[in-house]
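Dumped coords.cif below, it's mmCIF, C-alpha atoms:
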```
data_data
loop_
_atom_site.group_PDB
_atom_site.id
_atom_site.type_symbol
_atom_site.label_atom_id
_atom_site.label_comp_id
_atom_site.auth_asym_id
_atom_site.auth_seq_id
_atom_site.Cartn_x
_atom_site.Cartn_y
_atom_site.Cartn_z
ATOM 1 C CA MET Z 1413 -2.426 -55.874 23.014
ATOM 2 C CA LEU Z 1414 1.009 -57.441 23.147
ATOM 3 C CA LEU Z 1415 -0.448 -60.648 24.585
ATOM 4 C CA ALA Z 1416 -3.086 -60.680 21.847
ATOM 5 C CA LEU Z 1417 -0.423 -60.351 19.164
ATOM 6 C CA VAL Z 1418 1.736 -63.067 20.734
ATOM 7 C CA SER Z 1419 -1.195 -65.474 20.946
ATOM 8 C CA TRP Z 1420 -2.437 -64.799 17.416
ATOM 9 C CA GLY Z 1421 -3.552 -68.059 15.837
ATOM 10 C CA ALA Z 1422 -3.530 -69.978 19.122
ATOM 11 C CA ASN Z 1423 -6.308 -72.317 20.139
ATOM 12 C CA THR Z 1424 -9.076 -70.238 21.684
ATOM 13 C CA ALA Z 1425 -10.115 -72.982 24.094
ATOM 14 C CA THR Z 1426 -6.568 -73.198 25.466
ATOM 15 C CA LEU Z 1427 -6.468 -69.446 26.015
ATOM 16 C CA ALA Z 1428 -9.849 -69.549 27.780
ATOM 17 C CA PHE Z 1429 -8.685 -72.365 30.079
ATOM 18 C CA LEU Z 1430 -5.543 -70.425 30.927
ATOM 19 C CA ALA Z 1431 -7.543 -67.272 31.670
ATOM 20 C CA PHE Z 1432 -9.884 -69.162 33.986
ATOM 21 C CA ALA Z 1433 -6.992 -70.912 35.728
ATOM 22 C CA THR Z 1434 -5.167 -67.634 36.271
ATOM 23 C CA ALA Z 1435 -8.281 -65.905 37.599
ATOM 24 C CA ALA Z 1436 -9.123 -68.857 39.842
ATOM 25 C CA SER Z 1437 -5.579 -68.981 41.203
ATOM 26 C CA ALA Z 1438 -5.748 -65.364 42.284
ATOM 27 C CA LEU Z 1439 -9.369 -65.009 43.373
ATOM 28 C CA LEU Z 1440 -10.683 -68.348 44.628
ATOM 29 C CA PRO Z 1441 -8.370 -68.763 47.650
ATOM 30 C CA THR Z 1442 -8.948 -65.167 48.728
ATOM 31 C CA LEU Z 1443 -12.719 -65.402 48.424
ATOM 32 C CA VAL Z 1444 -12.967 -68.732 50.231
ATOM 33 C CA HIS Z 1445 -10.701 -67.575 53.061
ATOM 34 C CA THR Z 1446 -12.625 -64.304 53.366
ATOM 35 C CA LEU Z 1447 -15.983 -66.025 53.584
ATOM 36 C CA PHE Z 1448 -15.107 -68.913 55.875
ATOM 37 C CA TRP Z 1449 -12.087 -67.996 58.004
ATOM 38 C CA ARG Z 1450 -12.640 -65.527 60.795
ATOM 39 C CA ARG Z 1451 -8.930 -64.707 61.351
ATOM 40 C CA PHE Z 1452 -8.179 -64.005 57.665
ATOM 41 C CA HIS Z 1453 -6.994 -60.430 57.146
ATOM 42 C CA ALA Z 1454 -5.391 -58.074 54.643
ATOM 43 C CA THR Z 1455 -1.870 -59.508 54.686
ATOM 44 C CA GLY Z 1456 -3.153 -62.984 53.904
ATOM 45 C CA ALA Z 1457 -5.439 -61.620 51.194
ATOM 46 C CA LEU Z 1458 -2.632 -59.714 49.524
ATOM 47 C CA LEU Z 1459 -0.264 -62.663 49.650
ATOM 48 C CA SER Z 1460 -2.976 -64.995 48.369
ATOM 49 C CA LEU Z 1461 -3.903 -62.721 45.456
ATOM 50 C CA CYS Z 1462 -0.382 -61.823 44.370
ATOM 51 C CA GLY Z 1463 1.115 -65.235 45.085
ATOM 52 C CA GLY Z 1464 -1.622 -67.167 43.278
ATOM 53 C CA LEU Z 1465 -1.404 -64.860 40.276
ATOM 54 C CA LEU Z 1466 2.392 -64.974 40.121
ATOM 55 C CA CYS Z 1467 2.483 -68.752 40.514
ATOM 56 C CA SER Z 1468 -0.090 -69.202 37.762
ATOM 57 C CA VAL Z 1469 1.653 -66.869 35.323
ATOM 58 C CA LEU Z 1470 5.076 -68.436 35.927
ATOM 59 C CA LEU Z 1471 3.725 -71.944 35.432
ATOM 60 C CA VAL Z 1472 2.021 -70.902 32.185
ATOM 61 C CA VAL Z 1473 5.232 -69.336 30.871
ATOM 62 C CA PHE Z 1474 7.177 -72.522 31.576
ATOM 63 C CA SER Z 1475 4.501 -74.922 30.331
ATOM 64 C CA PRO Z 1476 4.110 -76.701 26.983
ATOM 65 C CA VAL Z 1477 1.569 -74.054 25.969
ATOM 66 C CA VAL Z 1478 4.391 -71.570 25.406
ATOM 67 C CA SER Z 1479 7.275 -73.766 24.207
ATOM 68 C CA SER Z 1480 8.514 -77.230 23.223
ATOM 69 C CA THR Z 1481 5.526 -78.655 21.301
ATOM 70 C CA PRO Z 1482 4.384 -78.102 17.710
ATOM 71 C CA ALA Z 1483 1.185 -76.412 18.941
ATOM 72 C CA SER Z 1484 3.044 -74.000 21.276
ATOM 73 C CA PHE Z 1485 3.394 -70.257 20.834
ATOM 74 C CA TYR Z 1486 7.133 -70.791 20.300
ATOM 75 C CA PRO Z 1487 7.504 -74.348 18.955
ATOM 76 C CA ASP Z 1488 11.228 -74.024 18.232
ATOM 77 C CA ALA Z 1489 12.151 -72.961 21.771
ATOM 78 C CA ASP Z 1490 12.387 -75.479 24.590
ATOM 79 C CA PHE Z 1491 12.173 -73.988 28.076
ATOM 80 C CA ALA Z 1492 9.087 -75.835 29.341
ATOM 81 C CA TRP Z 1493 9.937 -77.539 32.631
ATOM 82 C CA PHE Z 1494 6.341 -77.616 33.935
ATOM 83 C CA PRO Z 1495 4.692 -80.647 32.283
ATOM 84 C CA LEU Z 1496 0.997 -79.644 32.529
ATOM 85 C CA GLN Z 1497 -0.826 -77.383 30.117
ATOM 86 C CA ASN Z 1498 -3.126 -75.921 32.774
ATOM 87 C CA PRO Z 1499 -1.452 -74.564 35.945
ATOM 88 C CA GLY Z 1500 -4.594 -74.565 38.098
ATOM 89 C CA ILE Z 1501 -3.906 -77.913 39.739
ATOM 90 C CA VAL Z 1502 -0.771 -76.428 41.340
ATOM 91 C CA SER Z 1503 -1.406 -72.684 41.529
ATOM 92 C CA ILE Z 1504 -4.839 -72.770 43.215
ATOM 93 C CA PRO Z 1505 -3.587 -74.810 46.214
ATOM 94 C CA ALA Z 1506 -0.521 -72.548 46.292
ATOM 95 C CA GLY Z 1507 -2.850 -69.555 46.666
ATOM 96 C CA PHE Z 1508 -4.588 -71.248 49.586
ATOM 97 C CA VAL Z 1509 -1.280 -72.029 51.276
ATOM 98 C CA LEU Z 1510 0.063 -68.514 50.737
ATOM 99 C CA GLY Z 1511 -3.117 -66.950 52.117
ATOM 100 C CA ARG Z 1512 -2.904 -69.123 55.203
ATOM 101 C CA LEU Z 1513 0.804 -68.349 55.703
ATOM 102 C CA GLY Z 1514 0.242 -64.629 55.242
ATOM 103 C CA THR Z 1515 -2.448 -64.616 57.893
ATOM 104 C CA VAL Z 1516 -0.703 -66.859 60.408
ATOM 105 C CA LEU Z 1517 2.727 -65.225 60.180
ATOM 106 C CA ALA Z 1518 1.537 -61.589 60.128
ATOM 107 C CA ARG Z 1519 0.545 -59.607 63.181
ATOM 108 C CA ARG Z 1520 -3.021 -59.974 64.374
ATOM 109 C CA GLU Z 1521 -5.675 -57.371 63.734
ATOM 110 C CA GLU Z 1522 -8.453 -56.329 66.069
ATOM 111 C CA PRO Z 1523 -10.908 -59.180 66.711
ATOM 112 C CA ASP Z 1524 -13.885 -56.814 66.502
ATOM 113 C CA ALA Z 1525 -12.937 -55.663 63.006
ATOM 114 C CA PHE Z 1526 -14.300 -58.854 61.439
ATOM 115 C CA ASP Z 1527 -17.637 -58.550 63.230
ATOM 116 C CA GLU Z 1528 -17.984 -54.918 62.210
ATOM 117 C CA PHE Z 1529 -17.075 -55.731 58.602
ATOM 118 C CA GLN Z 1530 -19.518 -58.637 58.476
ATOM 119 C CA VAL Z 1531 -22.405 -56.491 59.732
ATOM 120 C CA ARG Z 1532 -21.586 -53.739 57.242
ATOM 121 C CA ALA Z 1533 -21.320 -56.248 54.391
ATOM 122 C CA LEU Z 1534 -24.607 -57.951 55.197
ATOM 123 C CA VAL Z 1535 -26.563 -54.746 55.813
ATOM 124 C CA GLY Z 1536 -24.965 -52.810 52.972
ATOM 125 C CA ALA Z 1537 -24.031 -49.845 55.136
ATOM 126 C CA GLU Z 1538 -21.019 -47.705 54.408
#
```

So, in terms of structure tokens, how does the structure I just supplied come out?
Amino acid sequence: MLLALVSWGANTATLAFLAFATAASALLPTLVHTLFWRRFHATGALLSLCGGLLCSVLLVVFSPVVSSTPASFYPDADFAWFPLQNPGIVSIPAGFVLGRLGTVLARREEPDAFDEFQVRALVGAE
């Protein structure tokens, strides 16, 4: 509710683009790694989700959407050091990199766990 009150009167299209960019930054890298990378595991997924979300939110807060332009939420303040209005171009690749780092640097899980998970996911068994 606080976010709704802060963004009162803002351009709806801008808010929709920011919502999609934030969701894509958190979810897209995790989903793509999960579907196509056999070694991907929980540590990489957690780092990809949290890192992509945090990166996206921080870039939005320090973008011209929030401050430094007449159409910003706070036009009189000037703390926008990120020049783009949509953070997706930076935060989505950051999510991919963080997911990869989380998987490569963490300890390895059992190699049979992926095969078992894939069979359960495809069959729908619990």

What does the structure give for the distance between atom CA of Phe1485 of chain Z and atom CA of Leu1427 of chain Z, in Å to one decimal?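 Calculated distance between atom CA of Phe1485 of chain Z and atom CA of Leu1427 of chain Z is 11.2 Å.
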
So that I can check the surroundings of segment 1464-1468 of chain Z, please list as a VMD selection string every protein, DNA and RNA residue that reaches within 9 Å of it, counting all atoms listed in the file and ignoring chain neighbours fewer than 5 positions away. chain Z and resid 1430 1433 to 1439 1441 1459 1473 1498 to 1500 1502 to 1508 1510 to 1511

Just to confirm, what's the straight-line distance from atom CA of Thr1515 of chain Z to atom CA of Gln1530 of chain Z in Å (one decimal)?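 Distance between the two atoms: 18.1 Å.
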
5 Å per side around segment 1509-1519 of chain Z: axis-aligned box centre and edge lengths, as AutoDock Vina command-line options:
```
--center_x -0.2 --center_y -65.8 --center_z 57.0 --size_x 15.8 --size_y 22.4 --size_z 22.4
```

In Å to one decimal, how far is atom CA of Leu1447 of chain Z from atom CA of Ala1533 of chain Z?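 So the two atoms, atom CA of Ala1533 of chain Z and atom CA of Leu1447 of chain Z, lie 11.2 Å apart.
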
Output check: residues returned by the PyMOL selection byres ((chain Z and resi 1489-1496) around 10), as JSON, numbers by chain: {"Z": [1470, 1471, 1472, 1473, 1474, 1475, 1476, 1477, 1478, 1479, 1480, 1481, 1484, 1485, 1486, 1487, 1488, 1497, 1498, 1499, 1500, 1501, 1502]}

So, counting all atoms listed in the file, which residue among Z:Thr1446, Z:Pro1482, Z:Val1535, Z:Thr1455 is closest to Leu1513 of chain Z? Z:Thr1455

Compare Z:Trp1420, Z:Gly1456, Z:Ala1428, Z:Arg1450 by their minimum atom-to-atom distance to Leu1517 of chain Z, counting all atoms listed in the file, and give me the closest one. Z:Gly1456
